[in-house]
Structures are given as C-alpha cells and as structure tokens.
Amino acid sequence: MLKVLYLVHDLADPAVRRRVLMLTEGGAAVTLAGFRRGDNALAEVSGVKPIELGRTADGRFAQRMGAVAKAAIRLRGLLRSVERPDVIIGRNLEALAVADRASAIFGGVPVVYECLDIHRLLLSDKAPGKALRRAEAHFGRNARLVLTSSPAFIENYFAPRSALKAPIALLENKVLSLAGMPQAASLRLPPQQGEPWKIGWFGALRCRKSLKLLADFTRRMEGRVEVILRGRPAYSEFEDFDAFVANEPYLSFRGPYKNPEDLADIYGEVHFSWAIDFFEEGQNSSWLLPNRLYEGCLYGSVPITVDGTETNRFVASRGLGLTLREPSAIALQAMFEGLTAEHYGSLSSAVSATDRRTWMTDRADCRALVDTLSNLVPAAAEGRAAGSVVTAPAAQEGLTAMKTDVCSSVSSLIIIPCLNEAKHIEPLIEKLDPALEELNARIVVADGGSTDGTREIVARISESDPRVILLDNPRRLQSAAINLAVNTFGRDYEYFIRIDAHGDYPDDYCSASSRKPN
C-alpha cells in the first residue's frame, strides 16, 4: 500500500478533505499534517487524525511564512511518530517548503507539488515576486510532479514564468463520487408563479466584488431573485461579512457544508450556481476552474460565468450556462429580466444532458492518481529496464495531463487533436505505432469532450501502451489542444508532430518530419 504524507496549508479546507478521500479511495494510506487557519474547525476525515504544524492567518502573508519557518525547525519532532512515507505531497507553496524539509528528514522521499491557486505575488515582476518565484524553484527543485487544476494555470504561469522543471498533471476539481451518494434530479424546474429564482454561491467565499454585486442586483430585482450563500467566508477579505449579509433582504448565509455528502441537497434548492470569482481579477480568478463549477453542474444547477475567464470558456464551449458580458448589477438585472421558464428549461436540459463524467471523478480515477504517485517511488522505477520510459498509468478523466521523464535521445511528441473520432482514432494510432519505437515518441490524443466512444477507445489503448496518453482539452479548439499538449509535455521532446484524427498520412510521415537536416 502506498504511504502518502499530505502536507497542507489549511487543515480546514474542504478540498483537503476531498483529496484525502480520493487518495484513500485509490488505495493509499494517508498521513495528514498542516496548518490551522485561524480558529477554523478542522475538516473531518474518517480514520485520518491530522497533525497540526502551527497556526496561520488569512491575509497575513509574512505571518504565514514565519509559521512555515517555525514548522520546518520543529518538523522532525512533529513527525517523529510518522512511518517513512513513499511520497510527500505539498499543497500550495508554504506546504511545499515543509515538504522539502520533510523529504530530507526521511532520507529523500519523492515530493509532489499540488498548486491549485497562483498567488498574485508569484506573477509580479517586482522584487517580492521574483523572490517568491525563486523560493518556489528552490523548494520545488526536487519535485517529481506538479498537480494543478486548470489548463490556464499551465498556459499563463507554469509554462511561461515558473522555474519548476517537474512534470505537470492536470487534476480537475471534479466531485468525488462515493458509494451511496445521493443522485441529483435529472432536470431542474423553474420556480412556481410568484416564487423567486434562487442563485447559490457556495464554497470559498472570498470575493467582495461578488458579494456587493449580488446584493445590489437582488435589491434591484425586489425579491424576484434570492441568493443563498454556503461555505467558509474569508473574513479577512470583508469589512464585516456577517453584518453585511444580515442587512441584505435577499441574501442569506446558511453556514458550511460537507463535500461531497451535502452537495445534492444544497444545489437541489437553487436554480443557478454563481461560478464567478473576482478575487485577484485578471489573474488567478480568471484562470481557475472552481469546485463550484463541477459541483453545480453535476447536481443540475445552471452556471453563471463572466466573459473572458477560463470558467466561461469551459462551459461556453459545451453550450452551457449564462454568460455575464459585463460584471455589473445592471447587466445581471437585464439578463434576469428577460429570463423565461422556457429559456431556463433549455438551459437546465443542456446541463442535465452533459456526460456526468465531465463533472465527476470515481474510484477508477482515484486508483489512477495513486498509481501515478506510485510510479514516483524509486523502488517502482528500479523494476523497469535500464533506459526505459517511466510513465503514468492509463490516463483517466480525473488525471488527464501527464508529462514524464524520457530518454535523452532524439524524441518526438505526436499530438492528435480530436473530437468524436471513434471511427478513425484506433486505426490511426495503430498506423503510428512504428513511430513510437523509432522516434522515442509519445502520442497525446487531446480530446475536446467526445461523446461517441473516442475517449474510451484511447483509454483502452493506453492501458496496454502507456506511451499513448488521453489529454482532456476543455477549450475544445484544435489550437488549444496543441498549446496544452506542448505546454504540458513539450520540455522533454525535440520535435512535435501534429496529426489530424481523420487524416491519411504516408507510412514514413513521422520519421520524415523528425529527421534532422544534413
């Protein structure tokens, strides 16, 4: 059984609980350690008692760095009862620093960097930003893998700015499907005559602009729209969150919830989910694919997104949701003034018709994650032939972008953008098979959300030949597929070759394309 030491920045973060559950569902034994953020109650995970490394505070970056330094000094004692792990995961930068120290204490354990938010300081070209990126590169110098949740993080930060050299895996914020979880209604109905539309804003509540916008909007609608808030407010980001909400007639805060157990109930009482976050606008919040996007769509609520963000591109490419063209209460009012029951019916139908695996991760995905982590363990690598490629297992939809170590010889990355190519994809991959050996190549099938069995075909092929990888392309465009594949895998290859899924190519096309000039 794989032993994982999971070091986290906030033991109360519900997403931490979800990751622990995902690792245990996949067959790993997890030791959880991290920082307590203020007075927040710890996230409860059955069978896992966390080790507290210290206290940190929202909005106090210097204090958090001090807490990390103190934890690093005391870490040997804090972890004295912990059996040597096989893999250490550091969630966010402050936990990565602790993970680096823990790896040294245990004699060189592989480290994985889980980065699901890009702090604004990491994007600054001023001295603090440069220093923070150097710190990230230093503490992540021995990282064997980076886990991130949005392709925009790769495109806008990891590829152009980060000095990290580790492979990158895309692990979306999908809902963990556990046995016995309640199912959502297949179709959400509009409100009865005289009842209000209800919008749910659930999860990490940290955006002052969203709160003010929704308050202004609901007052303008005079009771025809209500907003329900649930989750954990970041009180440091608001002057007085509780008082503000209490004074708003059409806003109500109903406390935290348990993920995934409570999702069906809380999303079942709203028509729309607020999938907008202006926190660090134009940077992190514009690039992320938030938990609430997957939660809301899985349980039937229609997402509301804002134009120009990764979240909007993700849902708009699938023909889903409402797009707010301008982030203002007036624009939101105009959108709802023209909303009819018939229009909502079509919006709801589109959400309910989407493949549930777009929003959900299951036990097979959990096993894929744990198998991927297992491949980082030196003992697993020693069992492979000298000079062979160390690869991830067949890529599941929950872990879809994997870059791995390759031999130092000339190598090629073969990229196949595709959408609904079930008739052509297997014969094409078979035709390309000689190039895998000849060119030390990898085939990446960048799929834009096929529903005709293409994904299942590629996953089956990948099970027997891990040099074939299924990569999820949320933007669906061919250009986005190429960019994502190159950004994720390209550092390890001298050439990349684009192949159209239904094209006809000469037998020596790949070798000719990769031939060095005389």
# chains A, B, ... in the order shown; residues from 1 in each chain; ligands from 1
call {"tool": "residues_around", "arguments": {"residues": "A:Asp277", "least_positions_apart": "2", "cutoff": "10 Å", "atoms": "only C-alpha atoms", "output": "list in words"}}
result
Ala204, Leu205, Arg206, Cys207, Arg208, Lys209, Ser210, Leu211, Trp274, Ala275, Phe279, Glu280, Glu281, Asn284, Ser285, Ser286, Leu288, Pro290, Thr305, Val306, Thr309 and Thr311 of chain A
call {"tool": "select_by_dssp", "arguments": {"residues": "stretch 8-201 of chain A", "states": "helix (DSSP H, G or I)", "output": "ChimeraX atom specification"}}
result
/A:14-25,61-78,92-105,120-123,127-139,151-158
call {"tool": "residues_around", "arguments": {"residues": "stretch 3-12 of chain A", "least_positions_apart": "4", "cutoff": "8 Å", "atoms": "only C-alpha atoms", "output": "PDB file with all heavy atoms, in the first residue's frame"}}
result
ATOM      1  N   VAL A  16      -9.156  19.866   0.954  1.00  0.00           N
ATOM      2  CA  VAL A  16      -8.165  18.974   1.544  1.00  0.00           C
ATOM      3  C   VAL A  16      -8.825  17.652   1.912  1.00  0.00           C
ATOM      4  O   VAL A  16      -8.297  16.563   1.649  1.00  0.00           O
ATOM      5  CB  VAL A  16      -7.512  19.625   2.778  1.00  0.00           C
ATOM      6  CG1 VAL A  16      -6.741  18.600   3.603  1.00  0.00           C
ATOM      7  CG2 VAL A  16      -6.600  20.765   2.343  1.00  0.00           C
ATOM      8  N   ALA A  28      -4.413   4.309  -1.043  1.00  0.00           N
ATOM      9  CA  ALA A  28      -3.240   4.805  -0.324  1.00  0.00           C
ATOM     10  C   ALA A  28      -3.543   4.938   1.170  1.00  0.00           C
ATOM     11  O   ALA A  28      -4.687   5.131   1.576  1.00  0.00           O
ATOM     12  CB  ALA A  28      -2.801   6.151  -0.888  1.00  0.00           C
ATOM     13  N   ALA A  29      -2.485   4.837   1.968  1.00  0.00           N
ATOM     14  CA  ALA A  29      -2.567   5.145   3.400  1.00  0.00           C
ATOM     15  C   ALA A  29      -2.059   6.569   3.583  1.00  0.00           C
ATOM     16  O   ALA A  29      -0.930   6.882   3.199  1.00  0.00           O
ATOM     17  CB  ALA A  29      -1.733   4.161   4.204  1.00  0.00           C
ATOM     18  N   VAL A  30      -2.889   7.440   4.160  1.00  0.00           N
ATOM     19  CA  VAL A  30      -2.590   8.869   4.196  1.00  0.00           C
ATOM     20  C   VAL A  30      -2.328   9.338   5.623  1.00  0.00           C
ATOM     21  O   VAL A  30      -3.120   9.066   6.530  1.00  0.00           O
ATOM     22  CB  VAL A  30      -3.746   9.689   3.584  1.00  0.00           C
ATOM     23  CG1 VAL A  30      -3.412  11.180   3.612  1.00  0.00           C
ATOM     24  CG2 VAL A  30      -4.033   9.231   2.156  1.00  0.00           C
ATOM     25  N   THR A  31      -1.215  10.059   5.782  1.00  0.00           N
ATOM     26  CA  THR A  31      -0.963  10.829   6.993  1.00  0.00           C
ATOM     27  C   THR A  31      -1.133  12.297   6.635  1.00  0.00           C
ATOM     28  O   THR A  31      -0.493  12.789   5.701  1.00  0.00           O
ATOM     29  CB  THR A  31       0.461  10.595   7.522  1.00  0.00           C
ATOM     30  OG1 THR A  31       0.624   9.210   7.844  1.00  0.00           O
ATOM     31  CG2 THR A  31       0.717  11.436   8.771  1.00  0.00           C
ATOM     32  N   LEU A  32      -2.006  12.982   7.349  1.00  0.00           N
ATOM     33  CA  LEU A  32      -2.329  14.378   7.050  1.00  0.00           C
ATOM     34  C   LEU A  32      -1.685  15.285   8.095  1.00  0.00           C
ATOM     35  O   LEU A  32      -1.829  15.071   9.298  1.00  0.00           O
ATOM     36  CB  LEU A  32      -3.843  14.576   7.053  1.00  0.00           C
ATOM     37  CG  LEU A  32      -4.365  15.994   6.861  1.00  0.00           C
ATOM     38  CD1 LEU A  32      -3.971  16.544   5.486  1.00  0.00           C
ATOM     39  CD2 LEU A  32      -5.888  16.032   7.028  1.00  0.00           C
ATOM     40  N   ALA A  33      -0.965  16.286   7.624  1.00  0.00           N
ATOM     41  CA  ALA A  33      -0.358  17.267   8.522  1.00  0.00           C
ATOM     42  C   ALA A  33      -0.439  18.636   7.864  1.00  0.00           C
ATOM     43  O   ALA A  33      -0.354  18.755   6.638  1.00  0.00           O
ATOM     44  CB  ALA A  33       1.092  16.907   8.828  1.00  0.00           C
ATOM     45  N   GLY A  34      -0.595  19.672   8.683  1.00  0.00           N
ATOM     46  CA  GLY A  34      -0.685  21.000   8.093  1.00  0.00           C
ATOM     47  C   GLY A  34      -0.962  22.071   9.114  1.00  0.00           C
ATOM     48  O   GLY A  34      -0.891  21.848  10.328  1.00  0.00           O
ATOM     49  N   PHE A  35      -1.325  23.230   8.618  1.00  0.00           N
ATOM     50  CA  PHE A  35      -1.529  24.408   9.453  1.00  0.00           C
ATOM     51  C   PHE A  35      -3.015  24.622   9.702  1.00  0.00           C
ATOM     52  O   PHE A  35      -3.852  24.379   8.829  1.00  0.00           O
ATOM     53  CB  PHE A  35      -0.926  25.636   8.778  1.00  0.00           C
ATOM     54  CG  PHE A  35       0.555  25.540   8.576  1.00  0.00           C
ATOM     55  CD1 PHE A  35       1.071  25.059   7.382  1.00  0.00           C
ATOM     56  CD2 PHE A  35       1.434  25.907   9.585  1.00  0.00           C
ATOM     57  CE1 PHE A  35       2.440  24.947   7.188  1.00  0.00           C
ATOM     58  CE2 PHE A  35       2.803  25.802   9.413  1.00  0.00           C
ATOM     59  CZ  PHE A  35       3.311  25.320   8.207  1.00  0.00           C
ATOM     60  N   ARG A  36      -3.319  25.106  10.891  1.00  0.00           N
ATOM     61  CA  ARG A  36      -4.692  25.506  11.201  1.00  0.00           C
ATOM     62  C   ARG A  36      -4.824  26.987  10.867  1.00  0.00           C
ATOM     63  O   ARG A  36      -4.052  27.818  11.352  1.00  0.00           O
ATOM     64  CB  ARG A  36      -5.019  25.265  12.669  1.00  0.00           C
ATOM     65  CG  ARG A  36      -6.464  25.613  13.030  1.00  0.00           C
ATOM     66  CD  ARG A  36      -6.641  25.628  14.545  1.00  0.00           C
ATOM     67  NE  ARG A  36      -6.651  24.303  15.115  1.00  0.00           N
ATOM     68  CZ  ARG A  36      -7.768  23.590  15.349  1.00  0.00           C
ATOM     69  NH1 ARG A  36      -8.951  24.091  15.031  1.00  0.00           N
ATOM     70  NH2 ARG A  36      -7.692  22.413  15.906  1.00  0.00           N
ATOM     71  N   ARG A  37      -5.807  27.314  10.027  1.00  0.00           N
ATOM     72  CA  ARG A  37      -6.013  28.696   9.606  1.00  0.00           C
ATOM     73  C   ARG A  37      -6.952  29.381  10.602  1.00  0.00           C
ATOM     74  O   ARG A  37      -8.163  29.115  10.605  1.00  0.00           O
ATOM     75  CB  ARG A  37      -6.588  28.730   8.181  1.00  0.00           C
ATOM     76  CG  ARG A  37      -6.757  30.108   7.577  1.00  0.00           C
ATOM     77  CD  ARG A  37      -5.437  30.816   7.368  1.00  0.00           C
ATOM     78  NE  ARG A  37      -4.512  30.103   6.506  1.00  0.00           N
ATOM     79  CZ  ARG A  37      -4.457  30.215   5.175  1.00  0.00           C
ATOM     80  NH1 ARG A  37      -5.302  31.012   4.553  1.00  0.00           N
ATOM     81  NH2 ARG A  37      -3.551  29.557   4.476  1.00  0.00           N
ATOM     82  N   ASN A  40     -10.639  28.212  12.483  1.00  0.00           N
ATOM     83  CA  ASN A  40     -11.482  27.323  11.680  1.00  0.00           C
ATOM     84  C   ASN A  40     -11.420  25.899  12.221  1.00  0.00           C
ATOM     85  O   ASN A  40     -10.354  25.393  12.579  1.00  0.00           O
ATOM     86  CB  ASN A  40     -11.035  27.324  10.214  1.00  0.00           C
ATOM     87  CG  ASN A  40     -11.338  28.637   9.523  1.00  0.00           C
ATOM     88  OD1 ASN A  40     -12.270  29.343   9.905  1.00  0.00           O
ATOM     89  ND2 ASN A  40     -10.558  28.973   8.511  1.00  0.00           N
ATOM     90  N   ALA A  41     -12.563  25.251  12.235  1.00  0.00           N
ATOM     91  CA  ALA A  41     -12.617  23.849  12.643  1.00  0.00           C
ATOM     92  C   ALA A  41     -11.942  22.986  11.582  1.00  0.00           C
ATOM     93  O   ALA A  41     -12.018  23.270  10.393  1.00  0.00           O
ATOM     94  CB  ALA A  41     -14.076  23.416  12.823  1.00  0.00           C
ATOM     95  N   LEU A  42     -11.264  21.935  12.035  1.00  0.00           N
ATOM     96  CA  LEU A  42     -10.556  21.074  11.100  1.00  0.00           C
ATOM     97  C   LEU A  42     -11.551  20.260  10.278  1.00  0.00           C
ATOM     98  O   LEU A  42     -12.597  19.842  10.768  1.00  0.00           O
ATOM     99  CB  LEU A  42      -9.624  20.127  11.859  1.00  0.00           C
ATOM    100  CG  LEU A  42      -8.570  20.789  12.765  1.00  0.00           C
ATOM    101  CD1 LEU A  42      -7.653  19.732  13.349  1.00  0.00           C
ATOM    102  CD2 LEU A  42      -7.773  21.829  12.002  1.00  0.00           C
ATOM    103  N   ALA A  43     -11.196  20.031   9.002  1.00  0.00           N
ATOM    104  CA  ALA A  43     -12.019  19.181   8.150  1.00  0.00           C
ATOM    105  C   ALA A  43     -11.909  17.748   8.651  1.00  0.00           C
ATOM    106  O   ALA A  43     -10.805  17.222   8.820  1.00  0.00           O
ATOM    107  CB  ALA A  43     -11.550  19.290   6.694  1.00  0.00           C
ATOM    108  N   PRO A  50      -5.373  14.539  11.843  1.00  0.00           N
ATOM    109  CA  PRO A  50      -4.315  15.415  11.346  1.00  0.00           C
ATOM    110  C   PRO A  50      -3.299  15.801  12.409  1.00  0.00           C
ATOM    111  O   PRO A  50      -3.600  15.840  13.607  1.00  0.00           O
ATOM    112  CB  PRO A  50      -5.086  16.645  10.863  1.00  0.00           C
ATOM    113  CG  PRO A  50      -6.336  16.656  11.661  1.00  0.00           C
ATOM    114  CD  PRO A  50      -6.673  15.219  11.916  1.00  0.00           C
ATOM    115  N   ARG A  84       8.008   6.249   7.667  1.00  0.00           N
ATOM    116  CA  ARG A  84       8.584   6.832   6.455  1.00  0.00           C
ATOM    117  C   ARG A  84       7.604   6.694   5.292  1.00  0.00           C
ATOM    118  O   ARG A  84       7.196   5.598   4.930  1.00  0.00           O
ATOM    119  CB  ARG A  84       9.895   6.144   6.092  1.00  0.00           C
ATOM    120  CG  ARG A  84      10.623   6.799   4.909  1.00  0.00           C
ATOM    121  CD  ARG A  84      11.893   6.030   4.563  1.00  0.00           C
ATOM    122  NE  ARG A  84      12.723   6.785   3.621  1.00  0.00           N
ATOM    123  CZ  ARG A  84      12.576   6.774   2.298  1.00  0.00           C
ATOM    124  NH1 ARG A  84      11.609   6.049   1.749  1.00  0.00           N
ATOM    125  NH2 ARG A  84      13.381   7.485   1.525  1.00  0.00           N
ATOM    126  N   PRO A  85       7.195   7.840   4.685  1.00  0.00           N
ATOM    127  CA  PRO A  85       6.246   7.771   3.573  1.00  0.00           C
ATOM    128  C   PRO A  85       6.946   7.379   2.276  1.00  0.00           C
ATOM    129  O   PRO A  85       8.171   7.464   2.151  1.00  0.00           O
ATOM    130  CB  PRO A  85       5.707   9.203   3.489  1.00  0.00           C
ATOM    131  CG  PRO A  85       6.839  10.042   3.999  1.00  0.00           C
ATOM    132  CD  PRO A  85       7.535   9.219   5.050  1.00  0.00           C
ATOM    133  N   ASP A  86       6.146   6.965   1.295  1.00  0.00           N
ATOM    134  CA  ASP A  86       6.655   6.690  -0.050  1.00  0.00           C
ATOM    135  C   ASP A  86       6.668   7.955  -0.897  1.00  0.00           C
ATOM    136  O   ASP A  86       7.530   8.134  -1.756  1.00  0.00           O
ATOM    137  CB  ASP A  86       5.791   5.625  -0.743  1.00  0.00           C
ATOM    138  CG  ASP A  86       5.793   4.307   0.002  1.00  0.00           C
ATOM    139  OD1 ASP A  86       6.889   3.805   0.311  1.00  0.00           O
ATOM    140  OD2 ASP A  86       4.693   3.784   0.280  1.00  0.00           O
ATOM    141  N   VAL A  87       5.677   8.819  -0.652  1.00  0.00           N
ATOM    142  CA  VAL A  87       5.523  10.067  -1.406  1.00  0.00           C
ATOM    143  C   VAL A  87       5.065  11.155  -0.442  1.00  0.00           C
ATOM    144  O   VAL A  87       4.268  10.890   0.464  1.00  0.00           O
ATOM    145  CB  VAL A  87       4.488   9.914  -2.547  1.00  0.00           C
ATOM    146  CG1 VAL A  87       4.248  11.259  -3.239  1.00  0.00           C
ATOM    147  CG2 VAL A  87       4.938   8.885  -3.567  1.00  0.00           C
ATOM    148  N   ILE A  88       5.575  12.376  -0.639  1.00  0.00           N
ATOM    149  CA  ILE A  88       5.119  13.533   0.143  1.00  0.00           C
ATOM    150  C   ILE A  88       4.476  14.526  -0.813  1.00  0.00           C
ATOM    151  O   ILE A  88       5.066  14.897  -1.826  1.00  0.00           O
ATOM    152  CB  ILE A  88       6.292  14.214   0.873  1.00  0.00           C
ATOM    153  CG1 ILE A  88       6.956  13.236   1.838  1.00  0.00           C
ATOM    154  CG2 ILE A  88       5.811  15.457   1.622  1.00  0.00           C
ATOM    155  CD1 ILE A  88       8.237  13.765   2.448  1.00  0.00           C
ATOM    156  N   ILE A  89       3.249  14.949  -0.499  1.00  0.00           N
ATOM    157  CA  ILE A  89       2.547  15.955  -1.300  1.00  0.00           C
ATOM    158  C   ILE A  89       2.497  17.252  -0.504  1.00  0.00           C
ATOM    159  O   ILE A  89       2.057  17.266   0.649  1.00  0.00           O
ATOM    160  CB  ILE A  89       1.116  15.515  -1.652  1.00  0.00           C
ATOM    161  CG1 ILE A  89       1.126  14.180  -2.406  1.00  0.00           C
ATOM    162  CG2 ILE A  89       0.414  16.587  -2.495  1.00  0.00           C
ATOM    163  CD1 ILE A  89      -0.269  13.633  -2.688  1.00  0.00           C
ATOM    164  N   GLY A  90       2.941  18.351  -1.115  1.00  0.00           N
ATOM    165  CA  GLY A  90       2.838  19.667  -0.505  1.00  0.00           C
ATOM    166  C   GLY A  90       1.797  20.493  -1.235  1.00  0.00           C
ATOM    167  O   GLY A  90       1.954  20.784  -2.414  1.00  0.00           O
ATOM    168  N   ARG A  91       0.724  20.848  -0.527  1.00  0.00           N
ATOM    169  CA  ARG A  91      -0.374  21.595  -1.139  1.00  0.00           C
ATOM    170  C   ARG A  91      -0.141  23.102  -0.955  1.00  0.00           C
ATOM    171  O   ARG A  91      -0.163  23.601   0.162  1.00  0.00           O
ATOM    172  CB  ARG A  91      -1.712  21.185  -0.526  1.00  0.00           C
ATOM    173  CG  ARG A  91      -2.929  21.831  -1.199  1.00  0.00           C
ATOM    174  CD  ARG A  91      -4.201  21.423  -0.467  1.00  0.00           C
ATOM    175  NE  ARG A  91      -5.386  22.030  -1.047  1.00  0.00           N
ATOM    176  CZ  ARG A  91      -6.173  21.437  -1.944  1.00  0.00           C
ATOM    177  NH1 ARG A  91      -5.888  20.221  -2.365  1.00  0.00           N
ATOM    178  NH2 ARG A  91      -7.237  22.049  -2.420  1.00  0.00           N
ATOM    179  N   ASN A  92       0.111  23.797  -2.036  1.00  0.00           N
ATOM    180  CA  ASN A  92       0.420  25.220  -2.090  1.00  0.00           C
ATOM    181  C   ASN A  92       1.866  25.467  -1.639  1.00  0.00           C
ATOM    182  O   ASN A  92       2.534  24.599  -1.098  1.00  0.00           O
ATOM    183  CB  ASN A  92      -0.579  26.065  -1.301  1.00  0.00           C
ATOM    184  CG  ASN A  92      -1.893  26.211  -2.059  1.00  0.00           C
ATOM    185  OD1 ASN A  92      -2.123  25.546  -3.060  1.00  0.00           O
ATOM    186  ND2 ASN A  92      -2.748  27.094  -1.581  1.00  0.00           N
ATOM    187  N   GLU A  94       3.502  27.254   0.658  1.00  0.00           N
ATOM    188  CA  GLU A  94       4.002  27.145   2.022  1.00  0.00           C
ATOM    189  C   GLU A  94       4.157  25.693   2.452  1.00  0.00           C
ATOM    190  O   GLU A  94       5.107  25.331   3.160  1.00  0.00           O
ATOM    191  CB  GLU A  94       3.095  27.912   2.995  1.00  0.00           C
ATOM    192  CG  GLU A  94       1.635  27.539   2.935  1.00  0.00           C
ATOM    193  CD  GLU A  94       0.728  28.732   3.269  1.00  0.00           C
ATOM    194  OE1 GLU A  94       0.440  29.522   2.355  1.00  0.00           O
ATOM    195  OE2 GLU A  94       0.322  28.849   4.430  1.00  0.00           O
ATOM    196  N   ALA A  95       3.241  24.827   1.993  1.00  0.00           N
ATOM    197  CA  ALA A  95       3.376  23.401   2.317  1.00  0.00           C
ATOM    198  C   ALA A  95       4.494  22.751   1.503  1.00  0.00           C
ATOM    199  O   ALA A  95       5.095  21.762   1.951  1.00  0.00           O
ATOM    200  CB  ALA A  95       2.059  22.680   2.069  1.00  0.00           C
ATOM    201  N   LEU A  96       4.776  23.288   0.312  1.00  0.00           N
ATOM    202  CA  LEU A  96       5.892  22.763  -0.475  1.00  0.00           C
ATOM    203  C   LEU A  96       7.209  22.957   0.275  1.00  0.00           C
ATOM    204  O   LEU A  96       8.086  22.085   0.261  1.00  0.00           O
ATOM    205  CB  LEU A  96       5.956  23.457  -1.835  1.00  0.00           C
ATOM    206  CG  LEU A  96       7.139  23.073  -2.739  1.00  0.00           C
ATOM    207  CD1 LEU A  96       7.053  21.601  -3.139  1.00  0.00           C
ATOM    208  CD2 LEU A  96       7.181  23.967  -3.975  1.00  0.00           C
ATOM    209  N   VAL A  98       7.613  23.003   3.489  1.00  0.00           N
ATOM    210  CA  VAL A  98       7.646  21.995   4.549  1.00  0.00           C
ATOM    211  C   VAL A  98       7.907  20.611   3.955  1.00  0.00           C
ATOM    212  O   VAL A  98       8.633  19.793   4.533  1.00  0.00           O
ATOM    213  CB  VAL A  98       6.326  22.006   5.339  1.00  0.00           C
ATOM    214  CG1 VAL A  98       6.351  20.956   6.454  1.00  0.00           C
ATOM    215  CG2 VAL A  98       6.060  23.380   5.932  1.00  0.00           C
ATOM    216  N   ALA A  99       7.320  20.337   2.774  1.00  0.00           N
ATOM    217  CA  ALA A  99       7.524  19.039   2.118  1.00  0.00           C
ATOM    218  C   ALA A  99       8.991  18.823   1.763  1.00  0.00           C
ATOM    219  O   ALA A  99       9.514  17.708   1.874  1.00  0.00           O
ATOM    220  CB  ALA A  99       6.659  18.952   0.867  1.00  0.00           C
TER     221      ALA A  99
END
call {"tool": "residues_around", "arguments": {"residues": "stretch 323-340 of chain A", "least_positions_apart": "4", "cutoff": "9 Å", "atoms": "only C-alpha atoms", "output": "PyMOL selection string"}}
result
chain A and resi 190+210+212-218+220-221+225+303-308+312+316+344-345
call {"tool": "select_by_dssp", "arguments": {"residues": "stretch 274-469 of chain A", "states": "strand (DSSP E or B)", "output": "ChimeraX atom specification"}}
result
/A:274,302-306,322-324,360-361,396,399,401-402,412-418,442-447,468-469
call {"tool": "write_last_selection", "arguments": {"atoms": "C-alpha atoms", "output": "CSV table (one decimal), in the first residue's frame"}}
result
chain,number,residue,atom,x,y,z
A,274,TRP,CA,-22.6,31.5,-9.1
A,302,VAL,CA,-27.2,26.2,-14.3
A,303,PRO,CA,-23.8,28.0,-14.0
A,304,ILE,CA,-23.4,31.8,-14.3
A,305,THR,CA,-20.0,32.8,-15.6
A,306,VAL,CA,-18.4,36.0,-16.7
A,322,LEU,CA,-25.5,32.1,-18.7
A,323,THR,CA,-22.6,34.5,-19.6
A,324,LEU,CA,-22.4,37.8,-17.9
A,360,MET,CA,-17.4,13.7,-11.5
A,361,THR,CA,-14.4,11.6,-10.5
A,396,GLN,CA,-8.2,8.6,-16.6
A,399,LEU,CA,-6.0,12.8,-14.1
A,401,ALA,CA,-2.4,15.6,-18.4
A,402,MET,CA,0.8,13.9,-17.6
A,412,SER,CA,9.1,13.4,-30.8
A,413,LEU,CA,5.7,14.3,-29.3
A,414,ILE,CA,2.9,13.3,-31.6
A,415,ILE,CA,-0.3,15.4,-30.9
A,416,ILE,CA,-3.7,14.4,-32.2
A,417,PRO,CA,-6.4,17.0,-31.6
A,418,CYS,CA,-9.8,15.2,-31.9
A,442,ARG,CA,4.7,9.6,-27.3
A,443,ILE,CA,1.2,10.1,-28.7
A,444,VAL,CA,-1.0,12.6,-27.0
A,445,VAL,CA,-4.7,12.4,-28.0
A,446,ALA,CA,-6.1,15.8,-27.0
A,447,ASP,CA,-9.8,15.3,-26.8
A,468,VAL,CA,-0.4,6.7,-25.6
A,469,ILE,CA,-2.0,9.4,-23.4
call {"tool": "atom_distance", "arguments": {"atom1": "atom CA of A:Gly200", "atom2": "atom CA of A:Leu21"}}
result
24.9 Å
call {"tool": "residues_around", "arguments": {"residues": "A:Asn487", "least_positions_apart": "3", "cutoff": "7 Å", "atoms": "only C-alpha atoms", "output": "list in words"}}
result
Ile154, Glu155, Ala159, Asn483, Leu484 and Gly490 of chain A
call {"tool": "residues_around", "arguments": {"residues": "A:Arg19", "least_positions_apart": "4", "cutoff": "10 Å", "atoms": "only C-alpha atoms", "output": "JSON, numbers by chain"}}
result
{"A": [6, 14, 15, 23, 24, 25, 173, 176, 366]}
call {"tool": "atom_distance", "arguments": {"atom1": "atom CA of A:Tyr257", "atom2": "atom CA of A:Gly231"}}
result
6.0 Å
call {"tool": "residues_around", "arguments": {"residues": "A:Ser317", "least_positions_apart": "4", "cutoff": "7 Å", "atoms": "only C-alpha atoms", "output": "PyMOL selection string"}}
result
chain A and resi 313+475-476
call {"tool": "closest_residue", "arguments": {"among": "A:Ala67, A:Leu347, A:Val458, A:Met1", "to": "A:Ser374", "atoms": "only C-alpha atoms"}}
result
A:Met1
call {"tool": "closest_residue", "arguments": {"among": "A:Ala135, A:Val109, A:Ala71, A:Ile497", "to": "A:Leu121", "atoms": "only C-alpha atoms"}}
result
A:Ala135
